[in-house]
Every structure is written in structure tokens, then in C-alpha cells.
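*Asks:* Below: one structure in C-alpha cells.
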Amino acid sequence: MKYLVLGGKNRADSLGKPEWSQFERAVAMVVDTQSGRAESLLEYDSPEDVTSPDPDRAVSFRAGAIEDGHLYLCTQTEVLVFSYPGLQRVRYLSLPCFNDLHHVRPRKNGNLLVVSTGLDIVFEIDRSDRIVREWATAIDSGWEKFSKTKDYRRVSTTKPHISHPNYVFEDADRLWVTRFEQRDALCLDDMTSTIPIDIQRPHDGECYDGQVYFTTVDGHIVVADSNTMERKNVVDLKTIEGVKYSLGWCRGLLVVDKKRVIVGFSRIRPTRLRQNFRWVKHALRMGKTSGLRPSRIAQYDLEKRCLDWEFNLEDNGVNALFSIHHA
């Protein structure tokens, strides 16, 4: 099978740099897990006028989508839409409110949903590039905290974030976004409704057959009922592999069917260790001889509790990944 992986390639001198300075280019790569081969589909660097003036500014593809013959991509400050698989660029969008974008996807009504993580806001943008709706993802975030007259594309980072929204998804009739700091998924149509994830900080949220699958950064899969919002299953991927040390920074999810998922892992960098992520420090102390595992994708059978296969991405020029898609 072939899969499209979206992420970034590290700078040669990235060691020890913060995430907003690590990546020299955005990469979309097709990996063939049967042949063991990988092919770069697209490499990209952002124009200087829509990014931070910092010479070490980072450029990577964050989480995107493939729908209706189009590939939706975002960098930290831009949205790009290509025909797929022809790769003709059909749309480009960059707004001053784009900072540390983490996800773009089309809504069922044809508008774009864009997660501006740096501003703690989710935007809905129509075909004329007008913002038609916006949702601040926490109290005192969004325009309560930021200025509408400032160009945040030119700002390297706005951290710390109040909620750090990551990934937006739509079930039958509701819109949701995962929130890193609150460890939940927030319903944007009813701000009083949340899906508690709790185990650790979440990233992805993918709907499949009446359920929502989430990743947590420490390597759990959390499955919830999309109607009742109740957690139905929690799977520790470390337990499946029979290890106590960290599997990596878990981010990127493709649901193959109700029992199988493909999960992305990015190598844990020293900058992560300096942040207050106790699970990282503890897991690495438990496995000092294991080293830091490379960035990769891996398929797990959640029913049989086994690892089916894994594919090393760093050997093929992807050092960190944000999302995985059928190619």
C-alpha cells in the first residue's frame, strides 16, 4: 500500500533549536510499505514576505487532507491547494492571522477550516478567501489576547498558548477541534460539549464508522463514541510493543478500519526534553539503552494488540511528520 506523509526536513544545524527553527523545507512523501521505497512528491519553501524574518525560520507541512481530487496543505503561515494526483496548484492563501497553522481541511459546505494554533483560533474561510466564522478555543484566548492589526505571520512564536488547538474534524453534524492543553476535543458548535481524552495531550481526531480515534503525544490511541462522547477504548502502544521507553512524539493518524490504525512518530528532540513533558523524561530514563527511535509510521492491530509493520522516514528525508493519508 502507498501512503502520503506530510512533514518537514530538518536543518543541518537543527539540534537544540526550538521547533519554530528546526525545519528547512516542507516535504510531502509517498511511501510504499510493500516495496520499501519512498518518493518525494513535493518539497516547498515559503516566500520570505509571509514568514518570520528570523533567518532560522521553519517551514514544514502540517496536517492536511486529500478530498475530491484535491490535496490540502498548510505550512506555518500558508494554505496551499493542489489538484491530486496531478499536483497543479489551484489555490493559495496567506492571511495576517495565520501563525503556527496546524491543520487545514475542507468543510462539507466547501469552505476551508484552518487551525491557527498560534492564535488559539479556528477559522472558516470561504472560496473568496473571506473569514466567515471564527472560534476562539479557550477563555481569554483569540482576539482577547491578540491584536487584529498585527501581522502574525512575521512573528516566530506566540507561545505559551492557552489551548494550542491541533486538529479539526467534522462528524455527522458537528464541528470539533482537539485541544493540546485541555486534553480534550471541543465542540465548536456547542462550546459546553467536550470529549475528554485525559490520558495525555492529544493531537489527531479522525472519525470512522461512528467513532472518533485520537492520538496522544505519549503513544496512546483513544477511541470515543461520536454520539455519546464517551471513551470506549484506550490502547497504550508501548504495551503492544512490550517496552517502557518512549516510542517517539506521536502525531499523525490514519484509520484503516475499525481495528487497524497507522500512526506517526517523530523523533524526540532535545528541545522537547527541556519542556515540561514529564512523560518524555520518565520514558527515556526507563530506556536509556534504547536510544531515541527514528521518525516513522507504523501500523497497529488494536484488536490483536500487535504491530503489523513500520517504515523509517528519516532514511528518506522526513524528520518530523504531521499527518498520514492514503496515496
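Following the order of the C-alpha cells, chains are lettered A, B, ..., residues in each are numbered from 1, and ligands are numbered from 1.
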So that I can see what lies close to A:Asn233, please list as a list in words the residues with an atom at most 6 Å from it, counting only C-alpha atoms and leaving out residues fewer than 2 positions away in the same chain.
*Replies:*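 Result of the neighbour search: Val222, Val223 and Arg231 of chain A.
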*Asks:* Would you mind listing what lies within 8 Å of A:His325 as a PyMOL selection string, with only C-alpha atoms counted and same-chain residues fewer than 6 positions away left out?
*Replies:* chain A and resi 3-5+65-66+254
*Asks:* When you look at A:Arg183 with a cut-off of 7 Å (counting only C-alpha atoms), what residues show up, excluding the ones that are within fewer than 6 positions of it in the same chain? I need them as a VMD selection string.
*Replies:* chain A and resid 196 to 198 200 to 202
*Asks:* For the residues selected in the previous step, produce a file with N, CA and C atoms as a PDB file, in the first residue's frame.
*Replies:*
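Result file follows (again_37.pdb):
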```
ATOM      1  N   PRO A 196     -13.616  14.210  26.623  1.00  0.00           N
ATOM      2  CA  PRO A 196     -12.413  14.149  27.457  1.00  0.00           C
ATOM      3  C   PRO A 196     -11.462  13.063  26.978  1.00  0.00           C
ATOM      4  N   ILE A 197     -10.209  13.426  26.821  1.00  0.00           N
ATOM      5  CA  ILE A 197      -9.182  12.463  26.401  1.00  0.00           C
ATOM      6  C   ILE A 197      -8.294  12.115  27.592  1.00  0.00           C
ATOM      7  N   ASP A 198      -7.914  13.115  28.354  1.00  0.00           N
ATOM      8  CA  ASP A 198      -7.328  12.969  29.692  1.00  0.00           C
ATOM      9  C   ASP A 198      -5.976  12.258  29.744  1.00  0.00           C
ATOM     10  N   GLN A 200      -3.300  11.886  28.019  1.00  0.00           N
ATOM     11  CA  GLN A 200      -2.185  12.792  27.751  1.00  0.00           C
ATOM     12  C   GLN A 200      -2.664  13.830  26.756  1.00  0.00           C
ATOM     13  N   ARG A 201      -1.778  14.687  26.329  1.00  0.00           N
ATOM     14  CA  ARG A 201      -2.146  15.731  25.377  1.00  0.00           C
ATOM     15  C   ARG A 201      -2.436  15.111  24.009  1.00  0.00           C
ATOM     16  N   PRO A 202      -3.575  15.469  23.386  1.00  0.00           N
ATOM     17  CA  PRO A 202      -3.960  14.857  22.112  1.00  0.00           C
ATOM     18  C   PRO A 202      -3.457  15.643  20.915  1.00  0.00           C
TER      19      PRO A 202
END
```
*Asks:* Residues of stretch 146-313 of chain A in strand (DSSP E or B) according to DSSP, as an MDAnalysis selection string?
*Replies:* chainID A and resid 165:170 175:179 184:187 194:196 202:208 211:216 220:225 231:236 249:255 260:266 296:301 306:312
*Asks:* Each residue of stretch 98-128 of chain A with at least one atom at most 12 Å from stretch 145-162 of chain A should appear once, together with its nearest atom pair and the corresponding distance in Å (one decimal); atoms considered: only C-alpha atoms; ordering: chain, then increasing residue number; output as a tab-separated table.
*Replies:*
```
residue	atom	partner	partner_atom	distance
A:Phe98	CA	A:Arg153	CA	5.8
A:Asn99	CA	A:Arg153	CA	5.4
A:Asp100	CA	A:Thr157	CA	7.4
A:Leu101	CA	A:Arg153	CA	9.9
A:Ser116	CA	A:Tyr152	CA	10.2
A:Thr117	CA	A:His161	CA	7.9
A:Gly118	CA	A:Thr158	CA	5.6
A:Leu119	CA	A:Phe146	CA	7.1
A:Asp120	CA	A:His161	CA	6.9
A:Ile121	CA	A:Phe146	CA	10.5
```
*Asks:* If you take only C-alpha atoms and a cut-off of 12 Å, which residues of stretch 243-263 of chain A touch stretch 163-172 of chain A, and what are their nearest atom pairs and distances in Å to one decimal, in chain and number order, as JSON lines?
*Replies:*
```
{"residue": "A:Arg251", "atom": "CA", "partner": "A:Asn166", "partner_atom": "CA", "distance": 10.1}
{"residue": "A:Gly252", "atom": "CA", "partner": "A:Tyr167", "partner_atom": "CA", "distance": 10.1}
{"residue": "A:Leu253", "atom": "CA", "partner": "A:Tyr167", "partner_atom": "CA", "distance": 11.0}
```
*Asks:* For N, CA and C atoms, I'd like the residues from the last selection saved as a PDB file, in the first residue's frame.
*Replies:*
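Once everything was written out, this is selection.pdb:
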```
ATOM      1  N   ARG A 251       2.174  11.637  16.590  1.00  0.00           N
ATOM      2  CA  ARG A 251       1.377  12.653  15.896  1.00  0.00           C
ATOM      3  C   ARG A 251       1.220  12.198  14.453  1.00  0.00           C
ATOM      4  N   GLY A 252      -0.005  12.094  14.004  1.00  0.00           N
ATOM      5  CA  GLY A 252      -0.306  11.568  12.679  1.00  0.00           C
ATOM      6  C   GLY A 252      -1.074  10.270  12.807  1.00  0.00           C
ATOM      7  N   LEU A 253      -2.270  10.202  12.181  1.00  0.00           N
ATOM      8  CA  LEU A 253      -3.137   9.043  12.360  1.00  0.00           C
ATOM      9  C   LEU A 253      -3.949   8.810  11.096  1.00  0.00           C
TER      10      LEU A 253
END
```
